[in-house]
>>> print(open('data10.cif').read())   # mmCIF, C-alpha atoms
data_input
#
loop_
_atom_site.group_PDB
_atom_site.id
_atom_site.type_symbol
_atom_site.label_atom_id
_atom_site.label_comp_id
_atom_site.auth_asym_id
_atom_site.auth_seq_id
_atom_site.Cartn_x
_atom_site.Cartn_y
_atom_site.Cartn_z
ATOM 1 C CA MET A 242 -173.829 9.434 150.788
ATOM 2 C CA GLY A 243 -176.349 8.048 148.292
ATOM 3 C CA ARG A 244 -175.488 7.437 144.665
ATOM 4 C CA LEU A 245 -175.994 10.531 142.460
ATOM 5 C CA HIS A 246 -176.307 9.933 138.728
ATOM 6 C CA LEU A 247 -175.218 13.368 137.501
ATOM 7 C CA PHE A 248 -174.227 13.793 133.857
ATOM 8 C CA GLU A 249 -170.744 13.046 132.552
ATOM 9 C CA LEU A 250 -169.605 14.958 129.505
ATOM 10 C CA GLU A 251 -167.938 11.858 128.076
ATOM 11 C CA ASP A 252 -171.334 10.150 127.814
ATOM 12 C CA GLN A 253 -172.937 12.885 125.735
ATOM 13 C CA GLY A 254 -173.283 12.212 122.017
ATOM 14 C CA TRP A 255 -172.821 15.921 121.231
ATOM 15 C CA PHE A 256 -169.538 16.198 123.132
ATOM 16 C CA PRO A 257 -166.661 16.953 120.704
ATOM 17 C CA LYS A 258 -164.762 13.785 119.846
ATOM 18 C CA SER A 259 -161.353 15.487 119.931
ATOM 19 C CA ILE A 260 -161.895 16.556 123.552
ATOM 20 C CA ARG A 261 -163.267 13.135 124.516
ATOM 21 C CA ASP A 262 -160.243 11.447 122.933
ATOM 22 C CA ALA A 263 -157.874 13.783 124.796
ATOM 23 C CA GLY A 264 -159.512 12.618 128.014
ATOM 24 C CA THR A 265 -159.504 8.901 127.234
ATOM 25 C CA ASP A 266 -155.882 9.129 126.023
ATOM 26 C CA PHE A 267 -154.906 10.620 129.385
ATOM 27 C CA MET A 268 -156.736 7.877 131.276
ATOM 28 C CA ARG A 269 -154.937 5.271 129.157
ATOM 29 C CA PHE A 270 -151.601 6.960 129.952
ATOM 30 C CA VAL A 271 -152.366 6.831 133.688
ATOM 31 C CA ALA A 272 -153.345 3.153 133.396
ATOM 32 C CA GLU A 273 -150.134 2.293 131.555
ATOM 33 C CA VAL A 274 -147.880 4.183 133.968
ATOM 34 C CA GLY A 275 -149.651 3.569 137.278
ATOM 35 C CA ARG A 276 -151.148 0.093 136.653
ATOM 36 C CA PRO A 277 -153.992 0.829 139.123
ATOM 37 C CA TYR A 278 -155.797 -2.454 138.392
ATOM 38 C CA ARG A 279 -152.855 -4.706 139.217
ATOM 39 C CA ALA A 280 -154.651 -6.081 142.301
ATOM 40 C CA ILE A 281 -157.346 -7.879 140.314
ATOM 41 C CA ILE A 282 -155.075 -9.707 137.837
ATOM 42 C CA PRO A 283 -155.053 -12.994 139.828
ATOM 43 C CA ARG A 284 -158.867 -12.882 139.984
ATOM 44 C CA ILE A 285 -159.153 -12.416 136.217
ATOM 45 C CA ARG A 286 -156.719 -15.242 135.551
ATOM 46 C CA ARG A 287 -158.552 -17.610 137.910
ATOM 47 C CA VAL A 288 -161.953 -16.947 136.303
ATOM 48 C CA MET A 289 -160.531 -17.431 132.829
ATOM 49 C CA GLU A 290 -159.002 -20.752 133.866
ATOM 50 C CA GLU A 291 -162.205 -21.931 135.575
ATOM 51 C CA THR A 292 -164.399 -21.030 132.597
ATOM 52 C CA GLY A 293 -161.944 -22.160 129.912
ATOM 53 C CA ASN A 294 -162.160 -18.747 128.260
ATOM 54 C CA GLN A 295 -159.516 -17.997 125.666
ATOM 55 C CA GLY A 296 -159.858 -14.209 125.394
ATOM 56 C CA ILE A 297 -161.139 -10.958 126.852
ATOM 57 C CA LEU A 298 -163.927 -8.897 125.299
ATOM 58 C CA ASP A 299 -163.484 -5.436 126.764
ATOM 59 C CA LEU A 300 -166.559 -3.195 126.874
ATOM 60 C CA CYS A 301 -166.450 0.613 127.184
ATOM 61 C CA SER A 302 -162.743 0.461 126.330
ATOM 62 C CA GLY A 303 -162.114 4.210 126.057
ATOM 63 C CA ALA A 304 -158.540 4.484 124.810
ATOM 64 C CA ALA A 305 -157.746 0.890 125.814
ATOM 65 C CA GLY A 306 -155.536 1.711 128.797
ATOM 66 C CA PRO A 307 -156.429 -0.642 131.658
ATOM 67 C CA VAL A 308 -157.115 -3.803 129.690
ATOM 68 C CA VAL A 309 -153.969 -3.519 127.542
ATOM 69 C CA ALA A 310 -151.818 -3.086 130.647
ATOM 70 C CA ILE A 311 -153.598 -6.032 132.288
ATOM 71 C CA ARG A 312 -153.072 -8.243 129.225
ATOM 72 C CA GLN A 313 -149.354 -7.493 129.462
ATOM 73 C CA GLU A 314 -149.348 -8.486 133.149
ATOM 74 C CA LEU A 315 -151.283 -11.667 132.392
ATOM 75 C CA ALA A 316 -148.870 -12.570 129.591
ATOM 76 C CA ALA A 317 -145.913 -12.034 131.905
ATOM 77 C CA ASN A 318 -147.526 -14.566 134.265
ATOM 78 C CA GLY A 319 -148.075 -17.242 131.639
ATOM 79 C CA CYS A 320 -151.600 -16.293 130.529
ATOM 80 C CA ASP A 321 -151.035 -14.855 127.061
ATOM 81 C CA ILE A 322 -154.558 -14.251 125.753
ATOM 82 C CA PRO A 323 -156.027 -12.028 123.021
ATOM 83 C CA VAL A 324 -158.106 -8.947 123.828
ATOM 84 C CA THR A 325 -160.880 -7.391 121.742
ATOM 85 C CA LEU A 326 -161.624 -3.710 122.382
ATOM 86 C CA THR A 327 -165.115 -2.218 121.982
ATOM 87 C CA ASP A 328 -166.828 1.051 122.773
ATOM 88 C CA LYS A 329 -169.973 2.989 121.967
ATOM 89 C CA PHE A 330 -167.715 5.901 120.954
ATOM 90 C CA PRO A 331 -164.576 4.112 119.668
ATOM 91 C CA ASN A 332 -161.270 5.946 119.937
ATOM 92 C CA TYR A 333 -159.936 4.549 116.652
ATOM 93 C CA PRO A 334 -156.397 6.019 116.780
ATOM 94 C CA ALA A 335 -155.907 4.543 120.260
ATOM 95 C CA PHE A 336 -157.374 1.193 119.166
ATOM 96 C CA HIS A 337 -155.095 1.053 116.112
ATOM 97 C CA ARG A 338 -152.094 1.925 118.276
ATOM 98 C CA ALA A 339 -152.949 -0.858 120.742
ATOM 99 C CA ARG A 340 -153.221 -3.362 117.883
ATOM 100 C CA HIS A 341 -149.921 -2.221 116.348
ATOM 101 C CA ARG A 342 -147.998 -2.283 119.648
ATOM 102 C CA SER A 343 -149.295 -5.769 120.485
ATOM 103 C CA ASP A 344 -148.665 -7.266 117.019
ATOM 104 C CA GLY A 345 -152.387 -7.904 116.678
ATOM 105 C CA VAL A 346 -152.920 -9.712 119.982
ATOM 106 C CA VAL A 347 -155.063 -6.726 120.970
ATOM 107 C CA ASP A 348 -157.682 -6.125 118.287
ATOM 108 C CA PHE A 349 -160.943 -4.200 118.126
ATOM 109 C CA ILE A 350 -164.417 -4.186 116.659
ATOM 110 C CA ILE A 351 -164.727 -1.211 114.352
ATOM 111 C CA SER A 352 -168.476 -0.650 114.772
ATOM 112 C CA PRO A 353 -169.914 0.919 117.963
ATOM 113 C CA ILE A 354 -170.858 -1.745 120.521
ATOM 114 C CA ASP A 355 -173.635 -1.258 123.071
ATOM 115 C CA ALA A 356 -172.577 -2.928 126.334
ATOM 116 C CA THR A 357 -176.218 -3.743 127.105
ATOM 117 C CA ALA A 358 -176.687 -5.714 123.877
ATOM 118 C CA VAL A 359 -173.478 -7.309 122.637
ATOM 119 C CA PRO A 360 -174.061 -8.970 119.257
ATOM 120 C CA PRO A 361 -174.526 -12.754 119.483
ATOM 121 C CA GLY A 362 -171.396 -14.643 118.607
ATOM 122 C CA VAL A 363 -169.038 -11.985 119.989
ATOM 123 C CA MET A 364 -167.469 -14.136 122.683
ATOM 124 C CA GLY A 365 -165.014 -13.686 125.534
ATOM 125 C CA PHE A 366 -164.679 -12.818 129.194
ATOM 126 C CA ARG A 367 -166.468 -9.454 129.244
ATOM 127 C CA THR A 368 -164.695 -6.736 131.213
ATOM 128 C CA LEU A 369 -165.594 -3.186 132.172
ATOM 129 C CA PHE A 370 -162.826 -1.118 133.724
ATOM 130 C CA SER A 371 -164.162 2.114 135.240
ATOM 131 C CA GLY A 372 -167.206 1.674 133.032
ATOM 132 C CA MET A 373 -170.183 0.509 135.082
ATOM 133 C CA HIS A 374 -170.685 3.823 136.882
ATOM 134 C CA HIS A 375 -171.675 5.361 133.532
ATOM 135 C CA PHE A 376 -174.928 3.397 133.638
ATOM 136 C CA ARG A 377 -178.051 3.849 135.738
ATOM 137 C CA PRO A 378 -179.130 0.725 137.689
ATOM 138 C CA GLU A 379 -181.637 -0.441 135.086
ATOM 139 C CA MET A 380 -178.988 -0.215 132.347
ATOM 140 C CA ALA A 381 -176.335 -1.815 134.551
ATOM 141 C CA LYS A 382 -178.693 -4.757 135.092
ATOM 142 C CA ARG A 383 -179.125 -5.054 131.328
ATOM 143 C CA ILE A 384 -175.349 -5.298 130.885
ATOM 144 C CA LEU A 385 -175.168 -8.100 133.432
ATOM 145 C CA GLN A 386 -178.299 -9.830 132.133
ATOM 146 C CA ASP A 387 -176.974 -9.788 128.557
ATOM 147 C CA ALA A 388 -173.835 -11.601 129.713
ATOM 148 C CA VAL A 389 -175.971 -14.122 131.596
ATOM 149 C CA ASN A 390 -178.272 -14.667 128.624
ATOM 150 C CA GLN A 391 -175.291 -15.422 126.388
ATOM 151 C CA ARG A 392 -173.581 -17.519 129.099
ATOM 152 C CA GLN A 393 -170.481 -15.345 129.088
ATOM 153 C CA PRO A 394 -168.386 -14.476 132.152
ATOM 154 C CA ILE A 395 -168.286 -10.803 133.078
ATOM 155 C CA GLY A 396 -166.065 -8.714 135.331
ATOM 156 C CA VAL A 397 -166.827 -5.164 136.479
ATOM 157 C CA PHE A 398 -163.910 -3.298 138.061
ATOM 158 C CA GLU A 399 -163.967 0.232 139.489
ATOM 159 C CA ILE A 400 -161.470 2.467 141.269
ATOM 160 C CA ALA A 401 -163.808 5.435 141.793
ATOM 161 C CA ARG A 402 -165.602 5.383 145.141
ATOM 162 C CA ARG A 403 -168.090 7.614 146.930
ATOM 163 C CA HIS A 404 -165.597 8.637 149.565
ATOM 164 C CA PRO A 405 -164.385 12.169 150.435
ATOM 165 C CA VAL A 406 -160.745 11.184 149.904
ATOM 166 C CA HIS A 407 -161.480 9.989 146.363
ATOM 167 C CA ILE A 408 -163.532 13.088 145.565
ATOM 168 C CA LEU A 409 -160.853 15.441 146.912
ATOM 169 C CA GLY A 410 -158.234 13.500 144.968
ATOM 170 C CA THR A 411 -159.799 14.624 141.696
ATOM 171 C CA ALA A 412 -158.095 17.986 142.271
ATOM 172 C CA LEU A 413 -154.851 16.322 141.150
ATOM 173 C CA ILE A 414 -156.171 15.483 137.686
ATOM 174 C CA ALA A 415 -155.726 18.896 136.069
ATOM 175 C CA PRO A 416 -152.060 19.374 137.136
ATOM 176 C CA ALA A 417 -151.320 15.747 136.199
ATOM 177 C CA LEU A 418 -152.747 16.326 132.723
ATOM 178 C CA LEU A 419 -150.790 19.545 132.277
ATOM 179 C CA LEU A 420 -147.552 17.768 133.188
ATOM 180 C CA SER A 421 -148.122 14.570 131.227
ATOM 181 C CA THR A 422 -149.656 15.790 127.956
ATOM 182 C CA PRO A 423 -146.293 16.195 126.102
ATOM 183 C CA PHE A 424 -145.533 12.519 126.803
ATOM 184 C CA ILE A 425 -148.866 11.008 125.738
ATOM 185 C CA ARG A 426 -148.837 9.076 122.478
ATOM 186 C CA PRO A 427 -150.013 9.121 119.772
ATOM 187 C CA PHE A 428 -149.221 12.822 119.482
ATOM 188 C CA ARG A 429 -152.176 15.064 118.651
ATOM 189 C CA TRP A 430 -152.172 18.808 118.027
ATOM 190 C CA SER A 431 -155.784 18.828 119.191
ATOM 191 C CA ARG A 432 -154.732 17.479 122.593
ATOM 192 C CA LEU A 433 -152.270 20.353 123.029
ATOM 193 C CA PHE A 434 -154.938 22.843 122.012
ATOM 194 C CA TRP A 435 -157.588 21.494 124.401
ATOM 195 C CA THR A 436 -155.054 21.262 127.237
ATOM 196 C CA TYR A 437 -152.988 24.458 127.016
ATOM 197 C CA ILE A 438 -154.694 26.931 124.675
ATOM 198 C CA LEU A 439 -158.357 26.376 125.520
ATOM 199 C CA PRO A 440 -158.152 24.110 128.606
ATOM 200 C CA MET A 441 -161.344 22.144 128.087
ATOM 201 C CA ALA A 442 -159.621 18.768 128.632
ATOM 202 C CA PRO A 443 -158.589 19.372 132.274
ATOM 203 C CA LEU A 444 -161.967 20.913 133.080
ATOM 204 C CA PHE A 445 -163.873 18.051 131.450
ATOM 205 C CA LEU A 446 -161.739 15.377 133.116
ATOM 206 C CA THR A 447 -162.032 16.946 136.563
ATOM 207 C CA TRP A 448 -165.801 17.287 136.267
ATOM 208 C CA ASP A 449 -166.244 13.732 134.987
ATOM 209 C CA ALA A 450 -163.951 12.340 137.702
ATOM 210 C CA ILE A 451 -166.014 14.001 140.450
ATOM 211 C CA VAL A 452 -169.217 12.692 138.875
ATOM 212 C CA SER A 453 -167.667 9.217 138.524
ATOM 213 C CA CYS A 454 -167.077 9.131 142.274
ATOM 214 C CA LEU A 455 -170.643 10.225 142.974
ATOM 215 C CA ARG A 456 -171.982 7.627 140.518
ATOM 216 C CA ALA A 457 -169.881 4.724 141.817
ATOM 217 C CA TYR A 458 -171.802 1.691 143.033
ATOM 218 C CA SER A 459 -171.325 0.521 146.618
ATOM 219 C CA LEU A 460 -170.978 -3.170 147.446
ATOM 220 C CA LYS A 461 -174.579 -3.179 148.701
ATOM 221 C CA GLU A 462 -175.789 -1.659 145.421
ATOM 222 C CA LEU A 463 -173.819 -4.213 143.385
ATOM 223 C CA HIS A 464 -175.503 -6.999 145.338
ATOM 224 C CA GLU A 465 -178.861 -5.394 144.570
ATOM 225 C CA LEU A 466 -178.044 -5.381 140.851
ATOM 226 C CA VAL A 467 -177.270 -9.090 140.922
ATOM 227 C CA ASP A 468 -180.333 -9.891 143.042
ATOM 228 C CA GLY A 469 -182.519 -8.394 140.303
ATOM 229 C CA LEU A 470 -181.214 -10.736 137.585
ATOM 230 C CA GLU A 471 -182.533 -13.966 136.133
ATOM 231 C CA CYS A 472 -179.346 -15.965 136.444
ATOM 232 C CA ASP A 473 -179.662 -19.654 137.243
ATOM 233 C CA SER A 474 -176.376 -21.577 137.461
ATOM 234 C CA TYR A 475 -174.269 -18.452 137.810
ATOM 235 C CA SER A 476 -171.614 -17.725 140.414
ATOM 236 C CA TRP A 477 -171.163 -14.126 141.586
ATOM 237 C CA GLU A 478 -168.288 -12.580 143.506
ATOM 238 C CA ILE A 479 -168.513 -9.027 144.875
ATOM 239 C CA GLY A 480 -165.944 -7.260 147.014
ATOM 240 C CA VAL A 481 -162.867 -5.042 147.158
ATOM 241 C CA ASP A 482 -159.297 -6.035 146.362
ATOM 242 C CA ALA A 483 -157.420 -3.673 148.642
ATOM 243 C CA ALA A 484 -153.852 -4.231 147.432
ATOM 244 C CA MET A 485 -151.688 -1.360 146.200
ATOM 245 C CA PRO A 486 -151.619 0.899 144.285
ATOM 246 C CA ALA A 487 -155.400 1.380 144.688
ATOM 247 C CA PRO A 488 -158.380 -0.554 146.095
ATOM 248 C CA VAL A 489 -160.487 -2.012 143.287
ATOM 249 C CA THR A 490 -164.197 -2.729 143.703
ATOM 250 C CA TYR A 491 -165.162 -5.813 141.700
ATOM 251 C CA LEU A 492 -168.235 -7.726 140.569
ATOM 252 C CA VAL A 493 -167.474 -10.957 138.738
ATOM 253 C CA GLY A 494 -169.999 -13.449 137.391
ATOM 254 C CA TYR A 495 -169.582 -16.647 135.409
ATOM 255 C CA PRO A 496 -171.629 -19.736 134.497
ATOM 256 C CA VAL A 497 -171.142 -22.842 136.604
#
>>> encode(input="data10.cif", output="structure tokens")
Amino acid sequence: MGRLHLFELEDQGWFPKSIRDAGTDFMRFVAEVGRPYRAIIPRIRRVMEETGNQGILDLCSGAAGPVVAIRQELAANGCDIPVTLTDKFPNYPAFHRARHRSDGVVDFIISPIDATAVPPGVMGFRTLFSGMHHFRPEMAKRILQDAVNQRQPIGVFEIARRHPVHILGTALIAPALLLSTPFIRPFRWSRLFWTYILPMAPLFLTWDAIVSCLRAYSLKELHELVDGLECDSYSWEIGVDAAMPAPVTYLVGYPV
């Protein structure tokens, strides 16, 4: 199956923020409970040690779920580093909550940040968790090229895959949201409304999850992205970490 770049509601500037935040809050909750990116923690730690990087600059952070959980895992393994959250559509309540719960070790940039043009001087190991599929190939190349131009390491990590099992699995999202919404923090009346009264949140999440699978880059396509870059003295690693609880497709690049 070829890659299909259909539209995701989350990407649309007109999409109501309260519904978008309900969706990103749910994805953060899943990341905190399920820790789906656990398999790539040793890879992140190794790259940070090899590059001497002292922090993570997370792009397309959503509600901060995966990277906050990963920072906790890294800290538990002796790599206690700060994290800076960024997004084009920042979820400020979630960002503030992450900063409060981490005693400031997780912080954020308050202004919207374009992943294709990170402001000079904003440093750190750039990460995108479930973020690269939002971008068409030409924009994805710009994200990678911007990291190369500023000599910053970058890691792209995705769980979504163009596989029938993954696409069929999106049917579980709506019931999972209905069951978990009362336990998601911070509490929002709007989340209850968009989940139970007018169920836009489960519909939006299911649609976007299906589209995410169809948009996901294959290993071959990730190699093609890298092949189109101007990146002398850069090391690239592309593959799949297949450990539980979920296989994670990765693209990691860093200056050498």
>>> residues_around(input="data10.cif", residues="Arg279 (chain A)", least_positions_apart="2", cutoff="9 Å", atoms="only C-alpha atoms", output="MDAnalysis selection string")
chainID A and resid 276:277 281:283 310:311 314 484:487
>>> residues_around(input="data10.cif", residues="Phe256 (chain A)", least_positions_apart="5", cutoff="12 Å", atoms="all atoms listed in the file", output="mmCIF file with C-alpha atoms, in the coordinates of the input")
data_model
loop_
_atom_site.group_PDB
_atom_site.id
_atom_site.type_symbol
_atom_site.label_atom_id
_atom_site.label_comp_id
_atom_site.auth_asym_id
_atom_site.auth_seq_id
_atom_site.Cartn_x
_atom_site.Cartn_y
_atom_site.Cartn_z
ATOM 1 C CA PHE A 248 -174.227 13.793 133.857
ATOM 2 C CA GLU A 249 -170.744 13.046 132.552
ATOM 3 C CA LEU A 250 -169.605 14.958 129.505
ATOM 4 C CA GLU A 251 -167.938 11.858 128.076
ATOM 5 C CA ARG A 261 -163.267 13.135 124.516
ATOM 6 C CA ASP A 262 -160.243 11.447 122.933
ATOM 7 C CA GLY A 264 -159.512 12.618 128.014
ATOM 8 C CA PHE A 330 -167.715 5.901 120.954
ATOM 9 C CA MET A 441 -161.344 22.144 128.087
ATOM 10 C CA ALA A 442 -159.621 18.768 128.632
ATOM 11 C CA PHE A 445 -163.873 18.051 131.450
#
>>> closest_residue(input="data10.cif", among="A:Glu399, A:Glu290, A:Asp355, A:Glu379", to="Val481 (chain A)", atoms="only C-alpha atoms")
A:Glu399
>>> axis_aligned_box(input="data10.cif", around="region 481-485 of chain A", padding_each_side="5 Å", output="AutoDock Vina command-line options")
--center_x -157.3 --center_y -3.7 --center_z 147.4 --size_x 21.2 --size_y 14.7 --size_z 12.4
>>> residues_around(input="data10.cif", residues="Met242 (chain A)", least_positions_apart="2", cutoff="9 Å", atoms="all atoms listed in the file", output="compact mmCIF listing (two decimals) with C-alpha atoms, in the frame of the given file")
# COMPACT_ATOMS: atom_id res chain seq x y z
CA ARG A 244 -175.49 7.44 144.66
CA LEU A 245 -175.99 10.53 142.46
CA ARG A 403 -168.09 7.61 146.93
CA HIS A 404 -165.60 8.64 149.56
CA LEU A 455 -170.64 10.22 142.97
>>> residues_around(input="data10.cif", residues="Leu433 (chain A)", least_positions_apart="2", cutoff="12 Å", atoms="only C-alpha atoms", output="short mmCIF file (atom, residue, chain, number, x, y, z; two decimals) with C-alpha atoms, in the coordinates of the input")
data_model
loop_
_atom_site.label_atom_id
_atom_site.label_comp_id
_atom_site.auth_asym_id
_atom_site.auth_seq_id
_atom_site.Cartn_x
_atom_site.Cartn_y
_atom_site.Cartn_z
CA SER A 259 -161.35 15.49 119.93
CA ILE A 260 -161.90 16.56 123.55
CA ASP A 262 -160.24 11.45 122.93
CA ALA A 263 -157.87 13.78 124.80
CA GLY A 264 -159.51 12.62 128.01
CA PHE A 267 -154.91 10.62 129.38
CA LEU A 418 -152.75 16.33 132.72
CA LEU A 419 -150.79 19.55 132.28
CA LEU A 420 -147.55 17.77 133.19
CA SER A 421 -148.12 14.57 131.23
CA THR A 422 -149.66 15.79 127.96
CA PRO A 423 -146.29 16.20 126.10
CA PHE A 424 -145.53 12.52 126.80
CA ILE A 425 -148.87 11.01 125.74
CA ARG A 426 -148.84 9.08 122.48
CA PRO A 427 -150.01 9.12 119.77
CA PHE A 428 -149.22 12.82 119.48
CA ARG A 429 -152.18 15.06 118.65
CA TRP A 430 -152.17 18.81 118.03
CA SER A 431 -155.78 18.83 119.19
CA TRP A 435 -157.59 21.49 124.40
CA THR A 436 -155.05 21.26 127.24
CA TYR A 437 -152.99 24.46 127.02
CA ILE A 438 -154.69 26.93 124.68
CA LEU A 439 -158.36 26.38 125.52
CA PRO A 440 -158.15 24.11 128.61
CA MET A 441 -161.34 22.14 128.09
CA ALA A 442 -159.62 18.77 128.63
CA PRO A 443 -158.59 19.37 132.27
#
>>> closest_residue(input="data10.cif", among="A:His375, A:Lys329, A:His464, A:Arg338", to="Gly306 (chain A)", atoms="all atoms listed in the file")
A:Arg338
>>> resolve_selection(input="data10.cif", expression="the PyMOL selection byres ((chain A and resi 295-301) around 7)", output="list in words")
Gly293, Asn294, Ser302, Gly303, Ile322, Pro323, Val324, Thr325, Leu326, Thr327, Asp328, Lys329, Ala356, Met364, Gly365, Phe366, Arg367, Thr368, Leu369 and Gly372 of chain A
>>> resolve_selection(input="data10.cif", expression="the PyMOL selection byres ((chain A and resi 400) around 7)", output="CSV table (one decimal) with C-alpha atoms, keeping the file's coordinate frame")
chain,number,residue,atom,x,y,z
A,371,SER,CA,-164.2,2.1,135.2
A,399,GLU,CA,-164.0,0.2,139.5
A,401,ALA,CA,-163.8,5.4,141.8
A,402,ARG,CA,-165.6,5.4,145.1
A,488,PRO,CA,-158.4,-0.6,146.1
A,489,VAL,CA,-160.5,-2.0,143.3
A,490,THR,CA,-164.2,-2.7,143.7
>>> atom_distance(input="data10.cif", atom1="CA of Glu471 (chain A)", atom2="CA of Val363 (chain A)")
21.1 Å
>>> atom_distance(input="data10.cif", atom1="CA of Asp344 (chain A)", atom2="CA of Ala272 (chain A)")
20.0 Å
>>> atom_distance(input="data10.cif", atom1="CA of Ser476 (chain A)", atom2="CA of Tyr495 (chain A)")
5.5 Å
>>> closest_residue(input="data10.cif", among="A:Cys454, A:Ala415, A:Met380, A:Ala335", to="Phe349 (chain A)", atoms="only C-alpha atoms")
A:Ala335
>>> closest_residue(input="data10.cif", among="A:Lys258, A:Arg312, A:His374, A:Arg342", to="Arg286 (chain A)", atoms="only C-alpha atoms")
A:Arg312
>>> build_atoms(input="data10.cif", residues="region 368-374 of chain A", atoms="all heavy atoms", output="PDB file, in the frame of the given file")
ATOM      1  N   THR A 368    -165.237  -7.567 130.142  1.00  0.00           N
ATOM      2  CA  THR A 368    -164.695  -6.736 131.213  1.00  0.00           C
ATOM      3  C   THR A 368    -165.133  -5.293 131.034  1.00  0.00           C
ATOM      4  O   THR A 368    -165.295  -4.816 129.907  1.00  0.00           O
ATOM      5  CB  THR A 368    -163.154  -6.792 131.239  1.00  0.00           C
ATOM      6  OG1 THR A 368    -162.626  -6.394 129.957  1.00  0.00           O
ATOM      7  CG2 THR A 368    -162.660  -8.188 131.573  1.00  0.00           C
ATOM      8  N   LEU A 369    -165.344  -4.623 132.162  1.00  0.00           N
ATOM      9  CA  LEU A 369    -165.594  -3.186 132.172  1.00  0.00           C
ATOM     10  C   LEU A 369    -164.686  -2.582 133.237  1.00  0.00           C
ATOM     11  O   LEU A 369    -164.849  -2.862 134.430  1.00  0.00           O
ATOM     12  CB  LEU A 369    -167.048  -2.846 132.511  1.00  0.00           C
ATOM     13  CG  LEU A 369    -168.118  -3.140 131.467  1.00  0.00           C
ATOM     14  CD1 LEU A 369    -168.691  -4.538 131.713  1.00  0.00           C
ATOM     15  CD2 LEU A 369    -169.227  -2.105 131.542  1.00  0.00           C
ATOM     16  N   PHE A 370    -163.718  -1.801 132.802  1.00  0.00           N
ATOM     17  CA  PHE A 370    -162.826  -1.118 133.724  1.00  0.00           C
ATOM     18  C   PHE A 370    -163.259   0.340 133.825  1.00  0.00           C
ATOM     19  O   PHE A 370    -163.234   1.080 132.832  1.00  0.00           O
ATOM     20  CB  PHE A 370    -161.373  -1.221 133.241  1.00  0.00           C
ATOM     21  CG  PHE A 370    -160.851  -2.634 133.246  1.00  0.00           C
ATOM     22  CD1 PHE A 370    -160.886  -3.409 132.100  1.00  0.00           C
ATOM     23  CD2 PHE A 370    -160.347  -3.196 134.409  1.00  0.00           C
ATOM     24  CE1 PHE A 370    -160.414  -4.715 132.104  1.00  0.00           C
ATOM     25  CE2 PHE A 370    -159.883  -4.502 134.428  1.00  0.00           C
ATOM     26  CZ  PHE A 370    -159.911  -5.260 133.269  1.00  0.00           C
ATOM     27  N   SER A 371    -163.672   0.744 135.014  1.00  0.00           N
ATOM     28  CA  SER A 371    -164.162   2.114 135.240  1.00  0.00           C
ATOM     29  C   SER A 371    -165.286   2.446 134.265  1.00  0.00           C
ATOM     30  O   SER A 371    -165.373   3.572 133.769  1.00  0.00           O
ATOM     31  CB  SER A 371    -163.019   3.131 135.119  1.00  0.00           C
ATOM     32  OG  SER A 371    -162.044   2.895 136.106  1.00  0.00           O
ATOM     33  N   GLY A 372    -166.141   1.465 133.999  1.00  0.00           N
ATOM     34  CA  GLY A 372    -167.206   1.674 133.032  1.00  0.00           C
ATOM     35  C   GLY A 372    -168.615   1.576 133.593  1.00  0.00           C
ATOM     36  O   GLY A 372    -169.520   2.251 133.103  1.00  0.00           O
ATOM     37  N   MET A 373    -168.824   0.757 134.626  1.00  0.00           N
ATOM     38  CA  MET A 373    -170.183   0.509 135.082  1.00  0.00           C
ATOM     39  C   MET A 373    -170.843   1.754 135.672  1.00  0.00           C
ATOM     40  O   MET A 373    -172.070   1.907 135.586  1.00  0.00           O
ATOM     41  CB  MET A 373    -170.196  -0.637 136.095  1.00  0.00           C
ATOM     42  CG  MET A 373    -171.585  -1.103 136.478  1.00  0.00           C
ATOM     43  SD  MET A 373    -172.522  -1.741 135.046  1.00  0.00           S
ATOM     44  CE  MET A 373    -172.291  -3.497 135.256  1.00  0.00           C
ATOM     45  N   HIS A 374    -170.072   2.643 136.266  1.00  0.00           N
ATOM     46  CA  HIS A 374    -170.685   3.823 136.882  1.00  0.00           C
ATOM     47  C   HIS A 374    -171.337   4.745 135.847  1.00  0.00           C
ATOM     48  O   HIS A 374    -172.127   5.616 136.217  1.00  0.00           O
ATOM     49  CB  HIS A 374    -169.648   4.614 137.691  1.00  0.00           C
ATOM     50  CG  HIS A 374    -168.612   5.274 136.843  1.00  0.00           C
ATOM     51  ND1 HIS A 374    -167.383   4.706 136.584  1.00  0.00           N
ATOM     52  CD2 HIS A 374    -168.609   6.465 136.181  1.00  0.00           C
ATOM     53  CE1 HIS A 374    -166.677   5.511 135.814  1.00  0.00           C
ATOM     54  NE2 HIS A 374    -167.393   6.587 135.551  1.00  0.00           N
TER      55      HIS A 374
END
